[in-house]
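Participant: What follows is the file model_23.tsv, containing TSV, C-alpha atoms:
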chain	number	residue	atom	x	y	z
F	11	SER	CA	-64.18	175.86	26.44
F	12	PHE	CA	-62.85	172.31	26.16
F	13	GLY	CA	-66.36	170.88	26.56
F	14	MET	CA	-67.76	173.02	23.75
F	15	ALA	CA	-64.91	172.13	21.40
F	16	ALA	CA	-65.24	168.42	22.14
F	17	SER	CA	-69.00	168.62	21.60
F	18	ALA	CA	-68.45	170.34	18.26
F	19	ALA	CA	-66.07	167.60	17.28
F	20	ARG	CA	-68.59	164.90	18.09
F	21	VAL	CA	-71.34	166.62	16.09
F	22	ALA	CA	-69.06	167.26	13.11
F	23	GLY	CA	-67.39	163.86	13.14
F	24	ARG	CA	-70.27	161.45	13.94
F	25	ARG	CA	-67.44	158.90	14.32
F	26	TRP	CA	-66.70	159.01	10.60
F	27	TRP	CA	-63.37	160.64	11.41
F	28	SER	CA	-63.94	163.69	9.24
F	29	ARG	CA	-61.30	166.36	8.90
F	30	ALA	CA	-63.61	168.84	10.59
F	31	ALA	CA	-63.88	166.60	13.65
F	32	GLY	CA	-60.13	166.25	13.78
F	33	CYS	CA	-59.80	170.01	13.76
F	34	ALA	CA	-62.18	170.44	16.66
F	35	PHE	CA	-60.52	167.69	18.66
F	36	GLN	CA	-57.11	169.23	18.06
F	37	ALA	CA	-58.37	172.58	19.29
F	38	ALA	CA	-59.89	170.93	22.33
F	39	ARG	CA	-56.69	169.09	23.10
F	40	GLY	CA	-54.72	172.28	22.82
F	41	LEU	CA	-57.08	174.16	25.13
F	42	ARG	CA	-56.77	171.42	27.67
F	43	LYS	CA	-53.01	171.65	27.56
F	44	GLY	CA	-53.27	175.40	27.63
F	45	ALA	CA	-50.70	176.04	24.94
F	46	LEU	CA	-51.06	174.29	21.62
F	47	ALA	CA	-54.55	175.18	20.38
F	48	LEU	CA	-53.68	178.37	18.55
F	49	VAL	CA	-50.52	176.86	17.08
F	50	PHE	CA	-51.94	173.63	15.75
F	51	ALA	CA	-55.71	174.00	15.27
F	52	ALA	CA	-55.46	176.58	12.49
F	53	PRO	CA	-53.00	174.61	10.29
F	54	ALA	CA	-55.09	171.48	10.78
F	55	CYS	CA	-58.26	173.30	9.74
F	56	ALA	CA	-56.54	174.77	6.71
F	57	GLN	CA	-55.95	171.28	5.38
F	58	ILE	CA	-59.66	170.37	5.35
F	59	SER	CA	-60.64	171.90	2.03
F	60	ALA	CA	-57.59	170.52	0.22
F	61	ALA	CA	-57.68	167.04	1.71
F	62	ALA	CA	-61.32	166.18	2.40
F	63	SER	CA	-62.14	165.43	-1.24
F	64	PHE	CA	-59.72	162.53	-1.44
F	65	ALA	CA	-59.19	161.30	2.13
F	66	ASP	CA	-59.81	157.56	2.57
F	67	SER	CA	-60.25	156.97	6.25
F	68	ARG	CA	-62.12	153.76	7.00
F	69	PRO	CA	-62.06	150.22	5.59
F	70	THR	CA	-65.80	150.39	5.07
F	71	GLY	CA	-65.14	153.31	2.73
F	72	ALA	CA	-62.39	153.14	0.11
F	73	ALA	CA	-61.59	149.43	0.14
F	74	THR	CA	-65.17	148.15	0.36
F	75	GLU	CA	-66.39	150.64	-2.23
F	76	ALA	CA	-63.51	149.70	-4.51
F	77	ARG	CA	-64.54	146.05	-4.34
F	78	ARG	CA	-68.20	146.85	-5.01
F	79	LYS	CA	-67.33	148.92	-8.07
F	80	LYS	CA	-64.52	146.59	-9.19
F	81	GLU	CA	-62.05	149.43	-8.83
F	82	VAL	CA	-58.48	148.88	-7.76
F	83	ILE	CA	-56.10	150.85	-5.58
F	84	PHE	CA	-52.39	150.73	-6.26
F	85	GLU	CA	-50.48	152.26	-3.36
F	86	ALA	CA	-47.01	153.37	-4.43
F	87	CYS	CA	-44.22	153.16	-1.89
F	88	VAL	CA	-42.11	156.28	-2.46
F	89	ASP	CA	-39.04	157.83	-0.86
F	90	SER	CA	-38.82	161.04	-2.89
F	91	VAL	CA	-40.99	163.82	-4.24
F	92	GLU	CA	-40.06	162.85	-7.81
F	93	SER	CA	-41.28	159.29	-7.25
F	94	GLY	CA	-44.52	160.53	-5.74
F	95	VAL	CA	-45.25	162.79	-8.69
F	96	GLU	CA	-44.51	160.00	-11.17
F	97	ALA	CA	-46.68	157.55	-9.23
F	98	GLU	CA	-49.65	159.91	-9.36
F	99	LYS	CA	-49.15	160.41	-13.10
F	100	GLY	CA	-49.13	156.64	-13.55
F	101	GLY	CA	-52.46	156.14	-11.81
F	102	ALA	CA	-51.51	155.35	-8.22
F	103	LYS	CA	-54.44	156.11	-5.93
F	104	ARG	CA	-52.38	156.52	-2.75
F	105	LEU	CA	-48.78	157.00	-1.63
F	106	GLU	CA	-46.89	155.52	1.27
F	107	LEU	CA	-44.07	157.94	2.05
F	108	CYS	CA	-40.98	156.57	3.73
F	109	ALA	CA	-37.21	156.90	3.79
F	110	ASN	CA	-34.27	154.49	3.59
F	111	LEU	CA	-35.84	151.65	1.63
F	112	VAL	CA	-32.56	149.73	2.06
F	113	GLU	CA	-33.79	149.13	5.64
F	114	GLY	CA	-37.30	148.32	4.47
F	115	GLY	CA	-38.38	151.90	5.11
F	116	VAL	CA	-38.23	154.24	8.09
F	117	THR	CA	-39.93	157.52	9.01
F	118	PRO	CA	-39.32	160.27	6.42
F	119	SER	CA	-38.57	163.90	7.19
F	120	PRO	CA	-41.31	166.51	7.76
F	121	GLY	CA	-39.78	168.50	4.91
F	122	MET	CA	-40.27	165.59	2.51
F	123	LEU	CA	-43.96	165.36	3.37
F	124	THR	CA	-44.44	169.13	3.12
F	125	VAL	CA	-43.01	169.36	-0.39
F	126	LEU	CA	-44.74	166.18	-1.58
F	127	ARG	CA	-48.09	167.38	-0.17
F	128	GLU	CA	-47.74	170.50	-2.33
F	129	ALA	CA	-46.86	168.44	-5.41
F	130	VAL	CA	-49.63	165.78	-5.47
F	131	ARG	CA	-53.36	165.56	-4.81
F	132	ILE	CA	-53.72	161.86	-3.97
F	133	PRO	CA	-53.67	160.73	-0.32
F	134	ILE	CA	-50.31	160.38	1.41
F	135	HIS	CA	-49.81	157.89	4.23
F	136	VAL	CA	-46.58	158.29	6.19
F	137	LEU	CA	-44.57	155.37	7.54
F	138	ILE	CA	-43.95	155.67	11.29
F	139	ARG	CA	-40.92	153.50	12.02
F	140	PRO	CA	-38.04	155.05	13.98
F	141	ARG	CA	-35.41	152.51	12.91
F	142	GLY	CA	-34.78	149.34	10.96
F	143	GLY	CA	-34.74	145.95	12.63
F	144	ASP	CA	-37.43	144.35	14.75
F	145	PHE	CA	-40.73	145.82	15.93
F	146	LEU	CA	-40.26	145.63	19.68
F	147	TYR	CA	-40.03	149.25	20.76
F	148	SER	CA	-38.77	150.96	23.91
F	149	ASP	CA	-40.67	153.68	25.74
F	150	THR	CA	-38.35	156.26	24.17
F	151	GLU	CA	-39.02	154.95	20.66
F	152	MET	CA	-42.74	155.01	21.36
F	153	GLU	CA	-42.51	158.67	22.32
F	154	VAL	CA	-40.60	159.40	19.11
F	155	MET	CA	-43.35	157.74	17.06
F	156	ARG	CA	-46.10	159.55	18.93
F	157	ARG	CA	-44.47	162.91	18.29
F	158	ASP	CA	-43.81	162.08	14.65
F	159	ILE	CA	-47.51	161.29	14.20
F	160	GLU	CA	-48.46	164.58	15.83
F	161	ILE	CA	-46.17	166.51	13.48
F	162	PHE	CA	-47.27	164.72	10.31
F	163	LYS	CA	-50.93	165.26	11.21
F	164	GLN	CA	-50.31	169.00	11.32
F	165	LEU	CA	-48.49	168.91	8.00
F	166	GLY	CA	-51.42	167.42	6.13
F	167	ALA	CA	-50.78	163.67	6.04
F	168	ASP	CA	-53.90	161.65	5.23
F	169	GLY	CA	-52.80	158.60	7.15
F	170	VAL	CA	-50.01	156.84	9.00
F	171	VAL	CA	-48.56	153.35	8.74
F	172	ILE	CA	-47.71	151.86	12.14
F	173	GLY	CA	-47.02	148.58	13.91
F	174	ALA	CA	-45.55	147.11	17.08
F	175	LEU	CA	-45.17	143.60	18.45
F	176	THR	CA	-44.70	142.06	21.89
F	177	PRO	CA	-41.58	139.95	22.63
F	178	TYR	CA	-43.72	136.89	21.86
F	179	GLY	CA	-44.66	137.98	18.35
F	180	GLU	CA	-48.17	139.19	19.12
F	181	VAL	CA	-49.61	142.54	18.09
F	182	ASP	CA	-48.86	144.93	20.95
F	183	GLU	CA	-52.42	146.18	21.24
F	184	TYR	CA	-51.72	148.60	24.08
F	185	ARG	CA	-48.86	150.40	22.33
F	186	CYS	CA	-50.61	150.39	18.96
F	187	GLN	CA	-53.74	151.88	20.51
F	188	GLU	CA	-51.62	154.73	21.87
F	189	LEU	CA	-50.43	155.50	18.34
F	190	ILE	CA	-53.91	155.13	16.84
F	191	ARG	CA	-55.37	157.58	19.35
F	192	GLU	CA	-52.68	160.07	18.43
F	193	ALA	CA	-53.29	159.50	14.71
F	194	ARG	CA	-57.05	160.00	14.49
F	195	PRO	CA	-58.83	161.27	12.48
F	196	MET	CA	-56.15	160.14	10.00
F	197	SER	CA	-56.35	156.70	8.43
F	198	VAL	CA	-54.24	153.95	10.02
F	199	THR	CA	-52.52	151.04	8.25
F	200	PHE	CA	-50.77	148.22	10.11
F	201	HIS	CA	-47.47	147.69	8.31
F	202	ARG	CA	-45.55	144.55	7.44
F	203	CYS	CA	-44.57	143.76	11.00
F	204	PHE	CA	-47.73	141.70	10.52
F	205	ASP	CA	-45.56	139.38	8.42
F	206	VAL	CA	-43.36	138.45	11.38
F	207	ALA	CA	-46.24	138.05	13.84
F	208	ARG	CA	-46.46	134.61	15.43
F	209	ASP	CA	-50.03	133.82	14.36
F	210	PRO	CA	-51.53	135.70	11.39
F	211	ASP	CA	-55.12	134.90	12.34
F	212	GLU	CA	-54.65	136.21	15.87
F	213	ALA	CA	-52.84	139.26	14.50
F	214	LEU	CA	-55.77	139.92	12.14
F	215	GLU	CA	-58.27	139.88	15.01
F	216	SER	CA	-56.01	142.10	17.12
F	217	CYS	CA	-55.83	144.68	14.34
F	218	ILE	CA	-59.60	144.63	13.97
F	219	ARG	CA	-60.08	144.91	17.73
F	220	ILE	CA	-57.92	148.03	18.09
F	221	GLY	CA	-59.50	149.76	15.09
F	222	VAL	CA	-56.84	149.52	12.34
F	223	ASP	CA	-58.21	150.42	8.90
F	224	ARG	CA	-56.09	148.08	6.77
F	225	ILE	CA	-53.24	145.59	6.97
F	226	LEU	CA	-50.26	145.54	4.61
F	227	THR	CA	-48.93	142.01	4.16
F	228	SER	CA	-46.85	139.84	1.88
F	229	GLY	CA	-48.56	136.76	3.29
F	230	GLN	CA	-45.71	136.21	5.77
F	231	LYS	CA	-43.27	135.33	2.99
F	232	SER	CA	-40.70	137.44	1.14
F	233	SER	CA	-43.09	137.88	-1.80
F	234	ALA	CA	-46.85	138.21	-1.94
F	235	GLY	CA	-46.62	136.30	-5.21
F	236	ASP	CA	-45.53	133.03	-3.56
F	237	PRO	CA	-48.23	130.33	-3.66
F	238	GLU	CA	-48.33	130.06	0.14
F	239	SER	CA	-48.52	133.84	0.43
F	240	LYS	CA	-51.49	134.02	-1.90
F	241	ASP	CA	-53.24	131.30	0.09
F	242	LEU	CA	-52.79	133.24	3.32
F	243	ILE	CA	-53.82	136.58	1.82
F	244	ARG	CA	-56.95	134.97	0.38
F	245	SER	CA	-57.71	133.43	3.78
F	246	LEU	CA	-57.19	136.74	5.57
F	247	THR	CA	-59.45	138.53	3.11
F	248	ARG	CA	-62.24	136.04	3.72
F	249	LYS	CA	-61.83	136.01	7.49
F	250	ALA	CA	-61.81	139.80	7.61
F	251	LYS	CA	-65.40	139.81	6.27
F	252	GLY	CA	-65.18	143.47	5.38
F	253	ARG	CA	-64.17	144.50	8.89
F	254	ILE	CA	-60.71	145.61	7.75
F	255	GLY	CA	-58.90	146.14	4.46
F	256	ILE	CA	-56.10	143.86	3.24
F	257	ILE	CA	-53.31	145.19	1.02
F	258	ALA	CA	-50.94	142.81	-0.75
F	259	GLY	CA	-47.43	144.23	-0.61
F	260	GLY	CA	-43.87	142.96	-0.61
F	261	GLY	CA	-42.32	141.35	-3.66
F	262	VAL	CA	-45.14	142.59	-5.90
F	263	THR	CA	-43.93	142.76	-9.51
F	264	LYS	CA	-45.35	143.47	-12.94
F	265	GLU	CA	-45.18	139.75	-13.60
F	266	ASN	CA	-47.10	138.56	-10.52
F	267	ILE	CA	-49.50	141.38	-9.64
F	268	ALA	CA	-52.30	140.11	-11.89
F	269	ALA	CA	-52.17	136.62	-10.35
F	270	ILE	CA	-52.10	138.08	-6.83
F	271	VAL	CA	-55.27	140.08	-7.48
F	272	LYS	CA	-57.03	137.25	-9.29
F	273	GLU	CA	-56.17	134.48	-6.81
F	274	THR	CA	-56.62	136.37	-3.53
F	275	GLY	CA	-59.59	138.63	-4.22
F	276	ILE	CA	-57.79	141.76	-2.97
F	277	VAL	CA	-58.34	145.09	-4.71
F	278	GLU	CA	-55.43	146.94	-3.10
F	279	ALA	CA	-51.77	146.33	-3.82
F	280	HIS	CA	-48.60	148.07	-2.67
F	281	GLY	CA	-45.14	148.33	-4.17
F	282	THR	CA	-42.33	150.37	-5.68
F	283	ALA	CA	-43.46	149.49	-9.22
F	284	GLY	CA	-40.12	148.40	-10.61
F	285	ARG	CA	-38.11	151.53	-9.88
F	286	ILE	CA	-35.65	152.71	-12.49
F	287	SER	CA	-32.01	153.67	-11.92
F	288	VAL	CA	-31.15	157.34	-12.43
F	289	GLN	CA	-27.51	158.19	-12.97
F	290	SER	CA	-25.96	161.07	-11.07
F	291	SER	CA	-24.82	164.16	-12.97
F	292	MET	CA	-21.63	164.30	-10.91
F	293	ILE	CA	-18.50	164.57	-13.05
F	294	HIS	CA	-15.96	164.30	-10.25
F	295	ARG	CA	-15.99	160.82	-8.74
F	296	PRO	CA	-13.40	159.80	-6.12
F	297	GLU	CA	-11.12	156.93	-7.04
F	298	PRO	CA	-11.16	154.49	-5.38
F	299	PRO	CA	-14.87	154.94	-4.55
F	300	LEU	CA	-15.71	156.37	-1.14
F	301	HIS	CA	-18.90	154.77	0.15
F	302	MET	CA	-21.20	156.73	2.44
F	303	GLY	CA	-23.00	153.72	3.90
F	304	GLY	CA	-20.66	151.60	6.00
F	305	GLU	CA	-23.11	148.68	6.08
F	306	LYS	CA	-24.05	148.83	2.42
F	307	ARG	CA	-22.49	146.41	-0.03
F	308	ASN	CA	-21.96	148.90	-2.80
F	309	THR	CA	-21.10	148.41	-6.42
F	310	ILE	CA	-18.46	150.71	-7.89
F	311	ASP	CA	-20.97	153.40	-8.90
F	312	SER	CA	-23.81	152.82	-6.41
F	313	GLU	CA	-23.27	156.18	-4.68
F	314	PHE	CA	-24.00	157.79	-8.04
F	315	ILE	CA	-27.29	156.03	-8.72
F	316	THR	CA	-30.71	156.81	-7.28
F	317	LYS	CA	-33.83	154.70	-7.66
F	318	ARG	CA	-37.08	156.33	-8.72
F	319	ILE	CA	-40.58	155.30	-9.70
F	320	CYS	CA	-41.64	156.06	-13.26
F	321	ALA	CA	-45.20	156.69	-14.43
F	322	LYS	CA	-45.00	154.15	-17.25
F	323	ASN	CA	-44.30	151.27	-14.87
F	324	VAL	CA	-47.08	152.33	-12.50
F	325	LYS	CA	-49.53	152.39	-15.40
F	326	SER	CA	-48.64	148.80	-16.26
F	327	TYR	CA	-49.24	147.70	-12.66
F	328	VAL	CA	-52.61	149.45	-12.50
F	329	ALA	CA	-53.64	148.03	-15.89
F	330	ALA	CA	-52.76	144.50	-14.76
F	331	MET	CA	-54.81	144.91	-11.59
F	332	GLU	CA	-57.81	146.31	-13.46
F	333	ALA	CA	-57.72	143.50	-16.01
F	334	SER	CA	-57.62	140.87	-13.27
F	335	VAL	CA	-60.51	142.38	-11.31
F	336	THR	CA	-62.56	142.64	-14.51
F	337	THR	CA	-61.97	139.08	-15.65
F	338	CYS	CA	-61.96	137.12	-12.41
F	339	GLU	CA	-64.89	136.16	-10.25
F	340	ASP	CA	-65.11	138.38	-7.18
F	341	THR	CA	-63.85	136.61	-4.07
F	342	ARG	CA	-66.66	136.62	-1.54
F	343	GLN	CA	-65.88	137.40	2.07
F	344	ASP	CA	-68.08	134.86	3.77
Mind converting the file's structure to structure tokens?

Facilitator:
Amino acid sequence: SFGMAASAARVAGRRWWSRAAGCAFQAARGLRKGALALVFAAPACAQISAAASFADSRPTGAATEARRKKEVIFEACVDSVESGVEAEKGGAKRLELCANLVEGGVTPSPGMLTVLREAVRIPIHVLIRPRGGDFLYSDTEMEVMRRDIEIFKQLGADGVVIGALTPYGEVDEYRCQELIREARPMSVTFHRCFDVARDPDEALESCIRIGVDRILTSGQKSSAGDPESKDLIRSLTRKAKGRIGIIAGGGVTKENIAAIVKETGIVEAHGTAGRISVQSSMIHRPEPPLHMGGEKRNTIDSEFITKRICAKNVKSYVAAMEASVTTCEDTRQD
């Protein structure tokens, strides 16, 4: 019955959002609807043994433990399976999977997650963003995001990356809570719509209030390496007091990542790790060039170049973070 399944979920989960609890809740939800339990509960359960060993679900877990042990987490932003594999080889501890980085990232395809999940063992968090542009979403767009989350949960995602604002630049707590409820027991990151919120301190408290696990931010500037950005990230880290994780991301480079870690006290950073250009193997190339993206400002050969992460660059980012955490005094959250 629904009551028995829900009870099993509570016993298994104990509010630590375990994969087993998620399985039971999914079964319960399906029974209540009368249709989806047999379809979705089994695939969700099948993911437990493969994913439970490396899932990082709560800010009091991975991020806090990383700080205590002086470990760092580099989250690689990837838009291809090849980039994900290279990022794992280079020492990335987590992946954010997205598509169309020209737009700052949008929701990737289910097929991309499925193949990437088979190729890597580190956690994969999927960006849930139906389009580029602002973060004020219609009811239809909200339904798209809710369904995307449901699909990615079944396909073995470890977390999702969400965000929505009100017309006045505040965190839309009601809409975000809808997405968070759909996402659990997966981990939830609040994406860089935080950087265009009206008041970062209010946005921080909103994210804590609705149960977000971590916030990705560039410090409300184009680069997390800017002096003002580092000041804000340091302030957010202190004000969070361990209640939520803070990830520095946006404009993070090999040249500034050490200073960001050292001067802000964060132990998690996010970026594309200086992607390399890979030339196409196409021999036939139309002349004059025919561009596929009407809004792109292409160079002559841009349709024949793809950008990918390489393991060597990721290793240099991770090494810079580890050196900074080892040599700097730990920033206290008090």

Participant: Could you tell me how far CA of Asp241 (chain F) lies from CA of Ile257 (chain F), in Å and to one decimal?

Facilitator: 13.9 Å

Participant: Could you please determine the separation between CA of Tyr178 (chain F) and CA of Ala207 (chain F) in Å, to one decimal place?

Facilitator: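 Going from CA of Tyr178 (chain F) over to CA of Ala207 (chain F) covers 8.5 Å.
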
Participant: So that I can see what lies close to region 266-280 of chain F, please list as a list in words the residues with an atom at most 6 Å from it, counting only C-alpha atoms and leaving out residues fewer than 6 positions away in the same chain.

Facilitator: Val82, Ile83, Phe84, Glu85, Ala86, Gly235, Lys240, Arg244, Ile257, Ala258, Gly259, Ala330, Met331, Ser334, Cys338 and Thr341 of chain F

Participant: Residues at most 8 Å from region 156-159 of chain F, counting all atoms listed in the file, excluding those fewer than 6 positions away in the same chain, as a ChimeraX atom specification?

Facilitator: /F:138,170,188-189,192-193

Participant: Just to confirm, what's the straight-line distance from CA of Ile218 (chain F) to CA of Leu165 (chain F) in Å (one decimal)?

Facilitator: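 Atom-to-atom, CA of Ile218 (chain F) and CA of Leu165 (chain F) are spaced 27.4 Å apart.
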